[in-house]
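One file, structure_30.pdb, is given below (PDB, C-alpha atoms and all ligand atoms).
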ATOM      1  CA  MET G   1     153.353 119.859  93.288  1.00  0.00           C
ATOM      2  CA  LEU G   2     149.717 120.759  92.553  1.00  0.00           C
ATOM      3  CA  PRO G   3     148.920 122.548  89.280  1.00  0.00           C
ATOM      4  CA  GLY G   4     148.848 126.307  89.846  1.00  0.00           C
ATOM      5  CA  THR G   5     151.383 126.276  92.697  1.00  0.00           C
ATOM      6  CA  SER G   6     153.329 129.541  92.736  1.00  0.00           C
ATOM      7  CA  ASP G   7     156.131 131.207  94.686  1.00  0.00           C
ATOM      8  CA  PRO G   8     154.587 132.387  98.004  1.00  0.00           C
ATOM      9  CA  ASP G   9     157.124 135.204  98.223  1.00  0.00           C
ATOM     10  CA  ALA G  10     155.967 136.839  94.975  1.00  0.00           C
ATOM     11  CA  LEU G  11     152.630 138.253  93.823  1.00  0.00           C
ATOM     12  CA  PRO G  12     150.497 135.403  92.409  1.00  0.00           C
ATOM     13  CA  PRO G  13     150.496 134.999  88.638  1.00  0.00           C
ATOM     14  CA  VAL G  14     147.245 136.090  86.975  1.00  0.00           C
ATOM     15  CA  VAL G  15     146.285 134.235  83.795  1.00  0.00           C
ATOM     16  CA  ASP G  16     143.277 134.589  81.564  1.00  0.00           C
ATOM     17  CA  HIS G  17     144.169 132.204  78.749  1.00  0.00           C
ATOM     18  CA  GLY G  18     146.648 129.543  77.645  1.00  0.00           C
ATOM     19  CA  PRO G  19     148.907 129.287  74.593  1.00  0.00           C
ATOM     20  CA  ARG G  20     147.332 130.685  71.413  1.00  0.00           C
ATOM     21  CA  ASP G  21     149.246 128.334  69.114  1.00  0.00           C
ATOM     22  CA  ASN G  22     147.514 125.173  70.332  1.00  0.00           C
ATOM     23  CA  PRO G  23     143.861 124.435  69.425  1.00  0.00           C
ATOM     24  CA  ARG G  24     142.743 123.718  72.964  1.00  0.00           C
ATOM     25  CA  VAL G  25     140.417 125.503  75.387  1.00  0.00           C
ATOM     26  CA  ALA G  26     139.398 125.080  79.032  1.00  0.00           C
ATOM     27  CA  LEU G  27     135.757 124.943  80.081  1.00  0.00           C
ATOM     28  CA  THR G  28     135.551 126.313  83.629  1.00  0.00           C
ATOM     29  CA  PHE G  29     132.437 126.228  85.808  1.00  0.00           C
ATOM     30  CA  ASP G  30     131.985 128.429  88.872  1.00  0.00           C
ATOM     31  CA  ALA G  31     129.955 127.130  91.814  1.00  0.00           C
ATOM     32  CA  ASP G  32     128.840 130.276  93.601  1.00  0.00           C
ATOM     33  CA  LEU G  33     127.045 130.264  96.921  1.00  0.00           C
ATOM     34  CA  THR G  34     126.482 133.253  99.205  1.00  0.00           C
ATOM     35  CA  PRO G  35     124.723 133.634 102.562  1.00  0.00           C
ATOM     36  CA  TRP G  36     121.834 135.286 100.688  1.00  0.00           C
ATOM     37  CA  MET G  37     121.558 132.340  98.287  1.00  0.00           C
ATOM     38  CA  GLN G  38     121.691 129.937 101.208  1.00  0.00           C
ATOM     39  CA  ARG G  39     118.709 131.719 102.783  1.00  0.00           C
ATOM     40  CA  GLN G  40     116.790 131.262  99.524  1.00  0.00           C
ATOM     41  CA  LEU G  41     117.376 127.511  99.848  1.00  0.00           C
ATOM     42  CA  GLU G  42     116.459 127.425 103.539  1.00  0.00           C
ATOM     43  CA  GLN G  43     113.257 129.368 102.951  1.00  0.00           C
ATOM     44  CA  GLY G  44     112.316 127.138 100.032  1.00  0.00           C
ATOM     45  CA  HIS G  45     112.392 129.948  97.443  1.00  0.00           C
ATOM     46  CA  VAL G  46     115.002 128.105  95.411  1.00  0.00           C
ATOM     47  CA  GLU G  47     115.228 124.377  94.917  1.00  0.00           C
ATOM     48  CA  SER G  48     118.896 124.066  94.025  1.00  0.00           C
ATOM     49  CA  TYR G  49     122.067 125.928  93.154  1.00  0.00           C
ATOM     50  CA  ALA G  50     123.688 122.753  91.778  1.00  0.00           C
ATOM     51  CA  ASP G  51     123.243 122.243  88.026  1.00  0.00           C
ATOM     52  CA  LEU G  52     123.228 118.447  87.846  1.00  0.00           C
ATOM     53  CA  ARG G  53     122.123 118.450  84.206  1.00  0.00           C
ATOM     54  CA  THR G  54     125.254 120.322  83.130  1.00  0.00           C
ATOM     55  CA  ILE G  55     127.410 117.893  85.116  1.00  0.00           C
ATOM     56  CA  GLU G  56     125.583 114.952  83.494  1.00  0.00           C
ATOM     57  CA  ILE G  57     126.260 116.283  79.995  1.00  0.00           C
ATOM     58  CA  LEU G  58     129.971 116.649  80.768  1.00  0.00           C
ATOM     59  CA  GLU G  59     130.017 113.123  82.203  1.00  0.00           C
ATOM     60  CA  GLN G  60     128.123 111.568  79.288  1.00  0.00           C
ATOM     61  CA  GLU G  61     130.158 113.349  76.634  1.00  0.00           C
ATOM     62  CA  GLN G  62     133.378 112.641  78.565  1.00  0.00           C
ATOM     63  CA  VAL G  63     134.376 116.306  78.460  1.00  0.00           C
ATOM     64  CA  PRO G  64     137.245 117.536  80.660  1.00  0.00           C
ATOM     65  CA  ALA G  65     136.346 120.535  82.830  1.00  0.00           C
ATOM     66  CA  THR G  66     137.578 122.571  85.776  1.00  0.00           C
ATOM     67  CA  PHE G  67     135.270 123.555  88.643  1.00  0.00           C
ATOM     68  CA  PHE G  68     135.850 126.670  90.762  1.00  0.00           C
ATOM     69  CA  LEU G  69     134.054 125.859  94.013  1.00  0.00           C
ATOM     70  CA  THR G  70     133.077 128.181  96.820  1.00  0.00           C
ATOM     71  CA  GLY G  71     133.556 126.660 100.263  1.00  0.00           C
ATOM     72  CA  MET G  72     129.887 127.256 101.046  1.00  0.00           C
ATOM     73  CA  TRP G  73     128.773 125.388  97.912  1.00  0.00           C
ATOM     74  CA  VAL G  74     130.950 122.402  98.852  1.00  0.00           C
ATOM     75  CA  GLU G  75     129.404 122.385 102.343  1.00  0.00           C
ATOM     76  CA  GLN G  76     125.912 122.607 100.822  1.00  0.00           C
ATOM     77  CA  TYR G  77     126.542 119.908  98.198  1.00  0.00           C
ATOM     78  CA  PRO G  78     129.057 117.394  99.582  1.00  0.00           C
ATOM     79  CA  GLU G  79     127.732 114.554  97.408  1.00  0.00           C
ATOM     80  CA  VAL G  80     127.925 116.567  94.221  1.00  0.00           C
ATOM     81  CA  THR G  81     131.431 117.680  95.171  1.00  0.00           C
ATOM     82  CA  GLY G  82     132.405 114.042  95.700  1.00  0.00           C
ATOM     83  CA  ARG G  83     130.992 113.188  92.294  1.00  0.00           C
ATOM     84  CA  LEU G  84     133.093 115.941  90.686  1.00  0.00           C
ATOM     85  CA  ALA G  85     136.223 114.822  92.558  1.00  0.00           C
ATOM     86  CA  ASP G  86     135.716 111.205  91.517  1.00  0.00           C
ATOM     87  CA  ASN G  87     135.720 112.051  87.793  1.00  0.00           C
ATOM     88  CA  PRO G  88     139.261 111.726  86.387  1.00  0.00           C
ATOM     89  CA  ARG G  89     138.417 114.355  83.720  1.00  0.00           C
ATOM     90  CA  PHE G  90     137.428 117.015  86.270  1.00  0.00           C
ATOM     91  CA  GLU G  91     139.736 119.352  88.158  1.00  0.00           C
ATOM     92  CA  LEU G  92     138.820 121.176  91.364  1.00  0.00           C
ATOM     93  CA  ALA G  93     139.766 124.793  92.064  1.00  0.00           C
ATOM     94  CA  ASN G  94     138.920 127.530  94.588  1.00  0.00           C
ATOM     95  CA  HIS G  95     136.346 130.349  94.166  1.00  0.00           C
ATOM     96  CA  SER G  96     136.494 131.790  97.745  1.00  0.00           C
ATOM     97  CA  TYR G  97     134.397 130.770 100.742  1.00  0.00           C
ATOM     98  CA  ALA G  98     131.212 132.829 100.380  1.00  0.00           C
ATOM     99  CA  HIS G  99     131.619 134.609  97.041  1.00  0.00           C
ATOM    100  CA  GLY G 100     132.405 137.977  98.614  1.00  0.00           C
ATOM    101  CA  ALA G 101     134.090 140.931  96.924  1.00  0.00           C
ATOM    102  CA  PHE G 102     137.878 141.195  97.134  1.00  0.00           C
ATOM    103  CA  THR G 103     137.816 144.809  95.888  1.00  0.00           C
ATOM    104  CA  ASP G 104     135.646 147.732  97.000  1.00  0.00           C
ATOM    105  CA  ASP G 105     133.609 147.801  93.793  1.00  0.00           C
ATOM    106  CA  CYS G 106     132.490 144.360  92.620  1.00  0.00           C
ATOM    107  CA  TYR G 107     128.882 143.835  91.511  1.00  0.00           C
ATOM    108  CA  ASP G 108     127.498 144.880  94.919  1.00  0.00           C
ATOM    109  CA  LEU G 109     128.893 141.702  96.504  1.00  0.00           C
ATOM    110  CA  PRO G 110     129.555 142.129 100.249  1.00  0.00           C
ATOM    111  CA  GLN G 111     133.197 142.956 100.788  1.00  0.00           C
ATOM    112  CA  VAL G 112     135.770 140.639 102.354  1.00  0.00           C
ATOM    113  CA  PRO G 113     137.954 142.811 104.640  1.00  0.00           C
ATOM    114  CA  ALA G 114     141.609 142.823 103.581  1.00  0.00           C
ATOM    115  CA  ASP G 115     142.716 141.127 106.792  1.00  0.00           C
ATOM    116  CA  GLU G 116     140.271 138.258 106.199  1.00  0.00           C
ATOM    117  CA  MET G 117     141.109 137.536 102.555  1.00  0.00           C
ATOM    118  CA  TYR G 118     143.903 135.068 103.288  1.00  0.00           C
ATOM    119  CA  GLU G 119     141.789 133.073 105.741  1.00  0.00           C
ATOM    120  CA  ASP G 120     138.777 133.030 103.395  1.00  0.00           C
ATOM    121  CA  VAL G 121     140.725 131.401 100.579  1.00  0.00           C
ATOM    122  CA  ALA G 122     142.919 129.200 102.820  1.00  0.00           C
ATOM    123  CA  ARG G 123     139.799 127.794 104.491  1.00  0.00           C
ATOM    124  CA  THR G 124     138.242 127.011 101.120  1.00  0.00           C
ATOM    125  CA  PHE G 125     141.297 125.004 100.012  1.00  0.00           C
ATOM    126  CA  GLU G 126     140.984 123.079 103.307  1.00  0.00           C
ATOM    127  CA  ILE G 127     137.293 122.368 102.646  1.00  0.00           C
ATOM    128  CA  ILE G 128     137.954 121.086  99.104  1.00  0.00           C
ATOM    129  CA  GLU G 129     141.112 119.075  99.902  1.00  0.00           C
ATOM    130  CA  PRO G 130     139.524 116.046 101.639  1.00  0.00           C
ATOM    131  CA  TYR G 131     137.534 115.238  98.481  1.00  0.00           C
ATOM    132  CA  GLY G 132     140.753 114.250  96.714  1.00  0.00           C
ATOM    133  CA  GLY G 133     140.659 113.797  92.967  1.00  0.00           C
ATOM    134  CA  ARG G 134     142.452 116.365  90.860  1.00  0.00           C
ATOM    135  CA  GLN G 135     143.229 119.155  93.332  1.00  0.00           C
ATOM    136  CA  THR G 136     144.863 122.398  92.183  1.00  0.00           C
ATOM    137  CA  ARG G 137     146.120 125.738  93.501  1.00  0.00           C
ATOM    138  CA  TYR G 138     144.005 127.665  91.008  1.00  0.00           C
ATOM    139  CA  PHE G 139     141.866 130.455  92.424  1.00  0.00           C
ATOM    140  CA  ARG G 140     139.232 132.601  90.744  1.00  0.00           C
ATOM    141  CA  PHE G 141     138.106 135.830  92.394  1.00  0.00           C
ATOM    142  CA  PRO G 142     134.316 136.271  92.634  1.00  0.00           C
ATOM    143  CA  GLY G 143     133.246 138.532  89.786  1.00  0.00           C
ATOM    144  CA  LEU G 144     136.882 138.307  88.572  1.00  0.00           C
ATOM    145  CA  CYS G 145     137.457 141.385  90.768  1.00  0.00           C
ATOM    146  CA  HIS G 146     140.993 141.823  92.046  1.00  0.00           C
ATOM    147  CA  ASP G 147     143.544 144.518  92.721  1.00  0.00           C
ATOM    148  CA  GLU G 148     147.077 144.598  94.073  1.00  0.00           C
ATOM    149  CA  GLN G 149     145.931 144.574  97.702  1.00  0.00           C
ATOM    150  CA  ALA G 150     143.960 141.363  97.097  1.00  0.00           C
ATOM    151  CA  LEU G 151     146.838 139.713  95.227  1.00  0.00           C
ATOM    152  CA  ARG G 152     149.223 140.672  98.016  1.00  0.00           C
ATOM    153  CA  ALA G 153     146.887 139.203 100.649  1.00  0.00           C
ATOM    154  CA  LEU G 154     146.695 135.849  98.854  1.00  0.00           C
ATOM    155  CA  ALA G 155     150.368 135.614  97.829  1.00  0.00           C
ATOM    156  CA  PRO G 156     151.410 133.443 100.831  1.00  0.00           C
ATOM    157  CA  LEU G 157     148.961 130.765  99.643  1.00  0.00           C
ATOM    158  CA  GLY G 158     151.171 130.064  96.611  1.00  0.00           C
ATOM    159  CA  LEU G 159     148.311 129.994  94.132  1.00  0.00           C
ATOM    160  CA  THR G 160     147.615 131.077  90.559  1.00  0.00           C
ATOM    161  CA  VAL G 161     144.769 133.486  89.842  1.00  0.00           C
ATOM    162  CA  VAL G 162     142.659 132.431  86.859  1.00  0.00           C
ATOM    163  CA  ASP G 163     140.370 134.913  85.147  1.00  0.00           C
ATOM    164  CA  GLY G 164     139.100 133.976  81.686  1.00  0.00           C
ATOM    165  CA  ASP G 165     139.017 135.486  78.218  1.00  0.00           C
ATOM    166  CA  VAL G 166     135.586 134.166  77.231  1.00  0.00           C
ATOM    167  CA  ILE G 167     132.739 135.453  79.382  1.00  0.00           C
ATOM    168  CA  SER G 168     129.796 133.286  78.380  1.00  0.00           C
ATOM    169  CA  GLY G 169     127.242 135.489  80.137  1.00  0.00           C
ATOM    170  CA  ASP G 170     125.432 132.415  81.428  1.00  0.00           C
ATOM    171  CA  ALA G 171     124.891 134.012  84.834  1.00  0.00           C
ATOM    172  CA  PHE G 172     121.391 135.492  84.827  1.00  0.00           C
ATOM    173  CA  ALA G 173     120.957 134.624  81.140  1.00  0.00           C
ATOM    174  CA  THR G 174     117.394 134.708  79.836  1.00  0.00           C
ATOM    175  CA  GLY G 175     117.899 132.105  77.109  1.00  0.00           C
ATOM    176  CA  TRP G 176     120.514 129.634  75.888  1.00  0.00           C
ATOM    177  CA  GLU G 177     121.107 131.189  72.454  1.00  0.00           C
ATOM    178  CA  PRO G 178     122.941 134.345  73.667  1.00  0.00           C
ATOM    179  CA  VAL G 179     125.196 132.187  75.855  1.00  0.00           C
ATOM    180  CA  VAL G 180     126.191 130.029  72.883  1.00  0.00           C
ATOM    181  CA  GLN G 181     126.693 133.044  70.647  1.00  0.00           C
ATOM    182  CA  ALA G 182     128.758 135.023  73.177  1.00  0.00           C
ATOM    183  CA  THR G 183     130.961 132.010  73.830  1.00  0.00           C
ATOM    184  CA  LEU G 184     131.588 131.069  70.215  1.00  0.00           C
ATOM    185  CA  ASP G 185     132.084 134.737  69.198  1.00  0.00           C
ATOM    186  CA  GLN G 186     134.906 135.186  71.729  1.00  0.00           C
ATOM    187  CA  VAL G 187     136.556 131.771  71.750  1.00  0.00           C
ATOM    188  CA  GLN G 188     139.985 131.171  70.217  1.00  0.00           C
ATOM    189  CA  PRO G 189     142.861 128.728  70.746  1.00  0.00           C
ATOM    190  CA  GLY G 190     143.986 128.873  74.376  1.00  0.00           C
ATOM    191  CA  SER G 191     140.729 130.353  75.687  1.00  0.00           C
ATOM    192  CA  VAL G 192     139.521 129.954  79.246  1.00  0.00           C
ATOM    193  CA  ILE G 193     135.709 129.899  79.095  1.00  0.00           C
ATOM    194  CA  VAL G 194     133.800 131.095  82.170  1.00  0.00           C
ATOM    195  CA  LEU G 195     130.523 129.287  82.881  1.00  0.00           C
ATOM    196  CA  HIS G 196     128.527 128.408  86.018  1.00  0.00           C
ATOM    197  CA  VAL G 197     127.025 125.280  87.623  1.00  0.00           C
ATOM    198  CA  THR G 198     124.590 127.157  89.806  1.00  0.00           C
ATOM    199  CA  ASP G 199     121.304 126.247  88.075  1.00  0.00           C
ATOM    200  CA  GLU G 200     118.938 128.905  89.514  1.00  0.00           C
ATOM    201  CA  THR G 201     121.342 131.801  88.820  1.00  0.00           C
ATOM    202  CA  ALA G 202     122.583 130.353  85.490  1.00  0.00           C
ATOM    203  CA  PRO G 203     119.457 128.562  84.260  1.00  0.00           C
ATOM    204  CA  PHE G 204     120.394 128.016  80.615  1.00  0.00           C
ATOM    205  CA  THR G 205     123.919 126.642  80.934  1.00  0.00           C
ATOM    206  CA  ASP G 206     122.740 123.061  80.471  1.00  0.00           C
ATOM    207  CA  ALA G 207     120.752 123.969  77.347  1.00  0.00           C
ATOM    208  CA  ALA G 208     123.672 125.970  75.926  1.00  0.00           C
ATOM    209  CA  LEU G 209     126.373 123.400  76.647  1.00  0.00           C
ATOM    210  CA  PRO G 210     125.679 120.885  73.817  1.00  0.00           C
ATOM    211  CA  HIS G 211     125.692 123.761  71.300  1.00  0.00           C
ATOM    212  CA  ILE G 212     128.918 125.148  72.760  1.00  0.00           C
ATOM    213  CA  LEU G 213     130.551 121.710  72.545  1.00  0.00           C
ATOM    214  CA  ALA G 214     129.402 121.325  68.929  1.00  0.00           C
ATOM    215  CA  GLY G 215     130.697 124.805  68.062  1.00  0.00           C
ATOM    216  CA  LEU G 216     134.097 124.076  69.614  1.00  0.00           C
ATOM    217  CA  ALA G 217     134.323 120.821  67.651  1.00  0.00           C
ATOM    218  CA  GLU G 218     133.436 122.648  64.416  1.00  0.00           C
ATOM    219  CA  ARG G 219     136.285 125.077  65.091  1.00  0.00           C
ATOM    220  CA  GLY G 220     138.714 122.239  65.843  1.00  0.00           C
ATOM    221  CA  LEU G 221     139.056 123.351  69.476  1.00  0.00           C
ATOM    222  CA  GLU G 222     139.509 120.578  72.011  1.00  0.00           C
ATOM    223  CA  PRO G 223     138.366 121.053  75.640  1.00  0.00           C
ATOM    224  CA  VAL G 224     141.040 120.157  78.206  1.00  0.00           C
ATOM    225  CA  THR G 225     141.440 120.812  81.933  1.00  0.00           C
ATOM    226  CA  LEU G 226     142.977 124.080  83.024  1.00  0.00           C
ATOM    227  CA  SER G 227     146.242 122.448  84.057  1.00  0.00           C
ATOM    228  CA  GLU G 228     146.535 120.781  80.661  1.00  0.00           C
ATOM    229  CA  LEU G 229     145.814 124.083  78.909  1.00  0.00           C
ATOM    230  CA  LEU G 230     148.210 126.173  81.000  1.00  0.00           C
ATOM    231  CA  ASP G 231     151.035 123.661  81.289  1.00  0.00           C
ATOM    232  CA  GLY G 232     150.956 123.098  77.553  1.00  0.00           C
ATOM    233  CA  GLY G 233     151.430 119.362  78.200  1.00  0.00           C
ATOM    234  CA  GLU G 234     149.307 116.406  77.185  1.00  0.00           C
TER     235      GLU G 234
HETATM  236 ZN    ZN O 301     131.369 133.387  90.853  1.00  0.00          ZN
END
Kindly return the structure encoded in the file as structure tokens.
Ligand SMILES: [Zn+2]
Amino acid sequence: MLPGTSDPDALPPVVDHGPRDNPRVALTFDADLTPWMQRQLEQGHVESYADLRTIEILEQEQVPATFFLTGMWVEQYPEVTGRLADNPRFELANHSYAHGAFTDDCYDLPQVPADEMYEDVARTFEIIEPYGGRQTRYFRFPGLCHDEQALRALAPLGLTVVDGDVISGDAFATGWEPVVQATLDQVQPGSVIVLHVTDETAPFTDAALPHILAGLAERGLEPVTLSELLDGGE
């Protein structure tokens, strides 16, 4: 059974951190893509929404990480997705198809109608699945916005909703220092750290990452994948 699998007859579990008595944390990276962002690429206003430098650092430093992918990002970056799937330290998770809002008030994101929520997330699992690697049934709502209606809509998918207890603020950051400071100020054993691999909309994640990794090491906190953090296993 894939990590994050839940009872489809009950509301999905919602977690925002792992056990507090174990000095481990999960670095999670969201790969957002929206129709608006895709137009920026097509019109040449933006070069890339795939932060290869951040991925390289994780690869070089052999750091475990979990990636929450939108279906649109996977379709835009199949080779990068394959590279993530091929890394035995990386886990793949679901961040919706087009990064829409699953509640009626979520950072001005266009809303996913209630009767389309199930299909949006189901389709994204189907897009990620063929890449293999470490698949999961973890799902993160865009903007972390969810309510009971959204949870009810997704219940039949048998997934686990993952928020996070450390909001790095890397999205739309204007420098790397605040990202490092926000992360290290909030982090504690069991933390789920929310970051992005979107480059243009999180331009300082790569510069912040080495400092975050050093700060975690100083605090004796070991990065692990989400399934390792939440299952409490090795
Ligand atoms: Zn997102």
The PyMOL selection byres (((chain G and resi 169-174) around 10) and not hetatm) on the file shown: which residues, as a ChimeraX atom specification? /G:30,166-168,175-183,194-206,208
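Atom CA of Phe141 of chain G to atom CA of Arg53 of chain G spans 25.0 Å [interatomic distance, one decimal].
Atom CA of Ala26 of chain G is positioned 10.3 Å from atom CA of Val187 of chain G.
Using all atoms listed in the file for every distance, the candidate list G:Gly44, G:Gly143, G:Gly4, G:Gly158 yields G:Gly143 as the residue closest to ligand ZN 301 (chain O).
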Expected selection as a PyMOL selection string for ligand ZN 301 (chain O) within 7 Å, only C-alpha atoms and all ligand atoms: chain G and resi 30-32+95+99+142-143
Answer key for the PyMOL selection byres (((chain G and resi 191) around 12) and not hetatm), residues as a PyMOL selection string: chain G and resi 15-28+162-168+183-190+192-194+216+221-226+229-230
Expected file contents, prior selection, C-alpha atoms, as a PDB file, in the coordinates of the input:
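Wrote it out as again20.pdb, contents follow:
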ATOM      1  CA  VAL G  15     146.285 134.235  83.795  1.00  0.00           C
ATOM      2  CA  ASP G  16     143.277 134.589  81.564  1.00  0.00           C
ATOM      3  CA  HIS G  17     144.169 132.204  78.749  1.00  0.00           C
ATOM      4  CA  GLY G  18     146.648 129.543  77.645  1.00  0.00           C
ATOM      5  CA  PRO G  19     148.907 129.287  74.593  1.00  0.00           C
ATOM      6  CA  ARG G  20     147.332 130.685  71.413  1.00  0.00           C
ATOM      7  CA  ASP G  21     149.246 128.334  69.114  1.00  0.00           C
ATOM      8  CA  ASN G  22     147.514 125.173  70.332  1.00  0.00           C
ATOM      9  CA  PRO G  23     143.861 124.435  69.425  1.00  0.00           C
ATOM     10  CA  ARG G  24     142.743 123.718  72.964  1.00  0.00           C
ATOM     11  CA  VAL G  25     140.417 125.503  75.387  1.00  0.00           C
ATOM     12  CA  ALA G  26     139.398 125.080  79.032  1.00  0.00           C
ATOM     13  CA  LEU G  27     135.757 124.943  80.081  1.00  0.00           C
ATOM     14  CA  THR G  28     135.551 126.313  83.629  1.00  0.00           C
ATOM     15  CA  VAL G 162     142.659 132.431  86.859  1.00  0.00           C
ATOM     16  CA  ASP G 163     140.370 134.913  85.147  1.00  0.00           C
ATOM     17  CA  GLY G 164     139.100 133.976  81.686  1.00  0.00           C
ATOM     18  CA  ASP G 165     139.017 135.486  78.218  1.00  0.00           C
ATOM     19  CA  VAL G 166     135.586 134.166  77.231  1.00  0.00           C
ATOM     20  CA  ILE G 167     132.739 135.453  79.382  1.00  0.00           C
ATOM     21  CA  SER G 168     129.796 133.286  78.380  1.00  0.00           C
ATOM     22  CA  THR G 183     130.961 132.010  73.830  1.00  0.00           C
ATOM     23  CA  LEU G 184     131.588 131.069  70.215  1.00  0.00           C
ATOM     24  CA  ASP G 185     132.084 134.737  69.198  1.00  0.00           C
ATOM     25  CA  GLN G 186     134.906 135.186  71.729  1.00  0.00           C
ATOM     26  CA  VAL G 187     136.556 131.771  71.750  1.00  0.00           C
ATOM     27  CA  GLN G 188     139.985 131.171  70.217  1.00  0.00           C
ATOM     28  CA  PRO G 189     142.861 128.728  70.746  1.00  0.00           C
ATOM     29  CA  GLY G 190     143.986 128.873  74.376  1.00  0.00           C
ATOM     30  CA  VAL G 192     139.521 129.954  79.246  1.00  0.00           C
ATOM     31  CA  ILE G 193     135.709 129.899  79.095  1.00  0.00           C
ATOM     32  CA  VAL G 194     133.800 131.095  82.170  1.00  0.00           C
ATOM     33  CA  LEU G 216     134.097 124.076  69.614  1.00  0.00           C
ATOM     34  CA  LEU G 221     139.056 123.351  69.476  1.00  0.00           C
ATOM     35  CA  GLU G 222     139.509 120.578  72.011  1.00  0.00           C
ATOM     36  CA  PRO G 223     138.366 121.053  75.640  1.00  0.00           C
ATOM     37  CA  VAL G 224     141.040 120.157  78.206  1.00  0.00           C
ATOM     38  CA  THR G 225     141.440 120.812  81.933  1.00  0.00           C
ATOM     39  CA  LEU G 226     142.977 124.080  83.024  1.00  0.00           C
ATOM     40  CA  LEU G 229     145.814 124.083  78.909  1.00  0.00           C
ATOM     41  CA  LEU G 230     148.210 126.173  81.000  1.00  0.00           C
TER      42      LEU G 230
END
Expand the PyMOL selection byres (((chain G and resi 84-93) around 10) and not hetatm) into the explicit residue set it covers here, and present it as a PyMOL selection string. chain G and resi 3-4+28-30+55+58-59+62-70+78-83+94-96+124-125+128-140+162+224-227
Save the residues we just selected, C-alpha atoms, as a PDB file, in the coordinates of the input?
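Result saved to part-v3.pdb:
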ATOM      1  CA  PRO G   3     148.920 122.548  89.280  1.00  0.00           C
ATOM      2  CA  GLY G   4     148.848 126.307  89.846  1.00  0.00           C
ATOM      3  CA  THR G  28     135.551 126.313  83.629  1.00  0.00           C
ATOM      4  CA  PHE G  29     132.437 126.228  85.808  1.00  0.00           C
ATOM      5  CA  ASP G  30     131.985 128.429  88.872  1.00  0.00           C
ATOM      6  CA  ILE G  55     127.410 117.893  85.116  1.00  0.00           C
ATOM      7  CA  LEU G  58     129.971 116.649  80.768  1.00  0.00           C
ATOM      8  CA  GLU G  59     130.017 113.123  82.203  1.00  0.00           C
ATOM      9  CA  GLN G  62     133.378 112.641  78.565  1.00  0.00           C
ATOM     10  CA  VAL G  63     134.376 116.306  78.460  1.00  0.00           C
ATOM     11  CA  PRO G  64     137.245 117.536  80.660  1.00  0.00           C
ATOM     12  CA  ALA G  65     136.346 120.535  82.830  1.00  0.00           C
ATOM     13  CA  THR G  66     137.578 122.571  85.776  1.00  0.00           C
ATOM     14  CA  PHE G  67     135.270 123.555  88.643  1.00  0.00           C
ATOM     15  CA  PHE G  68     135.850 126.670  90.762  1.00  0.00           C
ATOM     16  CA  LEU G  69     134.054 125.859  94.013  1.00  0.00           C
ATOM     17  CA  THR G  70     133.077 128.181  96.820  1.00  0.00           C
ATOM     18  CA  PRO G  78     129.057 117.394  99.582  1.00  0.00           C
ATOM     19  CA  GLU G  79     127.732 114.554  97.408  1.00  0.00           C
ATOM     20  CA  VAL G  80     127.925 116.567  94.221  1.00  0.00           C
ATOM     21  CA  THR G  81     131.431 117.680  95.171  1.00  0.00           C
ATOM     22  CA  GLY G  82     132.405 114.042  95.700  1.00  0.00           C
ATOM     23  CA  ARG G  83     130.992 113.188  92.294  1.00  0.00           C
ATOM     24  CA  ASN G  94     138.920 127.530  94.588  1.00  0.00           C
ATOM     25  CA  HIS G  95     136.346 130.349  94.166  1.00  0.00           C
ATOM     26  CA  SER G  96     136.494 131.790  97.745  1.00  0.00           C
ATOM     27  CA  THR G 124     138.242 127.011 101.120  1.00  0.00           C
ATOM     28  CA  PHE G 125     141.297 125.004 100.012  1.00  0.00           C
ATOM     29  CA  ILE G 128     137.954 121.086  99.104  1.00  0.00           C
ATOM     30  CA  GLU G 129     141.112 119.075  99.902  1.00  0.00           C
ATOM     31  CA  PRO G 130     139.524 116.046 101.639  1.00  0.00           C
ATOM     32  CA  TYR G 131     137.534 115.238  98.481  1.00  0.00           C
ATOM     33  CA  GLY G 132     140.753 114.250  96.714  1.00  0.00           C
ATOM     34  CA  GLY G 133     140.659 113.797  92.967  1.00  0.00           C
ATOM     35  CA  ARG G 134     142.452 116.365  90.860  1.00  0.00           C
ATOM     36  CA  GLN G 135     143.229 119.155  93.332  1.00  0.00           C
ATOM     37  CA  THR G 136     144.863 122.398  92.183  1.00  0.00           C
ATOM     38  CA  ARG G 137     146.120 125.738  93.501  1.00  0.00           C
ATOM     39  CA  TYR G 138     144.005 127.665  91.008  1.00  0.00           C
ATOM     40  CA  PHE G 139     141.866 130.455  92.424  1.00  0.00           C
ATOM     41  CA  ARG G 140     139.232 132.601  90.744  1.00  0.00           C
ATOM     42  CA  VAL G 162     142.659 132.431  86.859  1.00  0.00           C
ATOM     43  CA  VAL G 224     141.040 120.157  78.206  1.00  0.00           C
ATOM     44  CA  THR G 225     141.440 120.812  81.933  1.00  0.00           C
ATOM     45  CA  LEU G 226     142.977 124.080  83.024  1.00  0.00           C
ATOM     46  CA  SER G 227     146.242 122.448  84.057  1.00  0.00           C
TER      47      SER G 227
END
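If you look at atom CA of Cys145 of chain G and atom CA of Asp105 of chain G, they are 8.1 Å away from each other.
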Counting all atoms listed in the file, figure out which residue out of G:Met1, G:Ile57, G:Leu213, G:Leu157 gets nearest to Glu126 of chain G.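 So, comparing all the options, the nearest one is G:Leu157.
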Within 7 Å of (147.4, 137.5, 88.0) (coordinates as in the file), grab all the protein and nucleic acid residues, counting only C-alpha atoms, and write them out as a ChimeraX atom specification. /G:12-15,160-161
With a cut-off of 6 Å, could you pull out the residues of segment 119-202 of chain G touching segment 6-10 of chain G and give me the nearest pair of atoms for each, distance in Å to one decimal, using all atoms listed in the file, ordered by chain and ascending number, as JSON lines?
{"residue": "G:Ala155", "atom": "CA", "partner": "G:Pro8", "partner_atom": "CA", "distance": 5.3}
{"residue": "G:Pro156", "atom": "CA", "partner": "G:Pro8", "partner_atom": "CA", "distance": 4.4}
{"residue": "G:Gly158", "atom": "CA", "partner": "G:Pro8", "partner_atom": "CA", "distance": 4.4}
{"residue": "G:Leu159", "atom": "CA", "partner": "G:Ser6", "partner_atom": "CA", "distance": 5.2}
